[in-house]
Amino acid sequence: MALGAATVLLLVATACADGGNEPASTSPAATAGVDRITMEDFAFSPANPQVRPGEKITVVNKDSAAHTVTATKGDAFDTGSIAGGESGAFTAPSKAGEYAFVCTFHSNMTGTLIVR
Ligand SMILES: [Cu+2]
């Protein structure tokens with residue numbers, strides 16, 4: 001008598017596609033409703049601020065070194081040098097879009113201004 005070794009493995013596919021509660025992130029790490037950017041520990045906070053067209057953005061430098069917020073393409077915006085402990089400002093472009101920016105003194109300090 002041979003036992004038929006037919007093992008039927010029933011895999012119940014758990015493909016439940018109902019009730020997905022993951023937060024929808026449209027733009028990567030965009031921080032909405034920002035009117036201020038802080039420079040601290042040689043980084044921008046937030047690095048990806050979302051602002052309104054033509055909005056005035058205050059920039060606060062909490063480091064001791066000088067920093068800038070400078071658009072990498074063209075002359076969309078530029079705070080010029082902001083000394084340590086000081087603050088400055090710039091006006092967001094009137095045209096919606098994403099504008100990369102950098103500190104001209106520290107090329108590793110980067111961010112993206114999201115205008116919409
Ligand atoms: Cu800097």
# chains A, B, ... in the order shown; residues from 1 in each chain; ligands from 1
>>> residues_near_ligand(ligand="ligand 1", cutoff="12 Å", atoms="only C-alpha atoms and all ligand atoms", output="number ranges by chain")
A: 38-44, 60-70, 79-84, 101-111
>>> residues_around(residues="A:Leu113", least_positions_apart="3", cutoff="9 Å", atoms="only C-alpha atoms", output="count of residues only")
13
>>> atom_distance(atom1="atom CA of A:Glu86", atom2="atom CA of A:Arg116")
27.9 Å
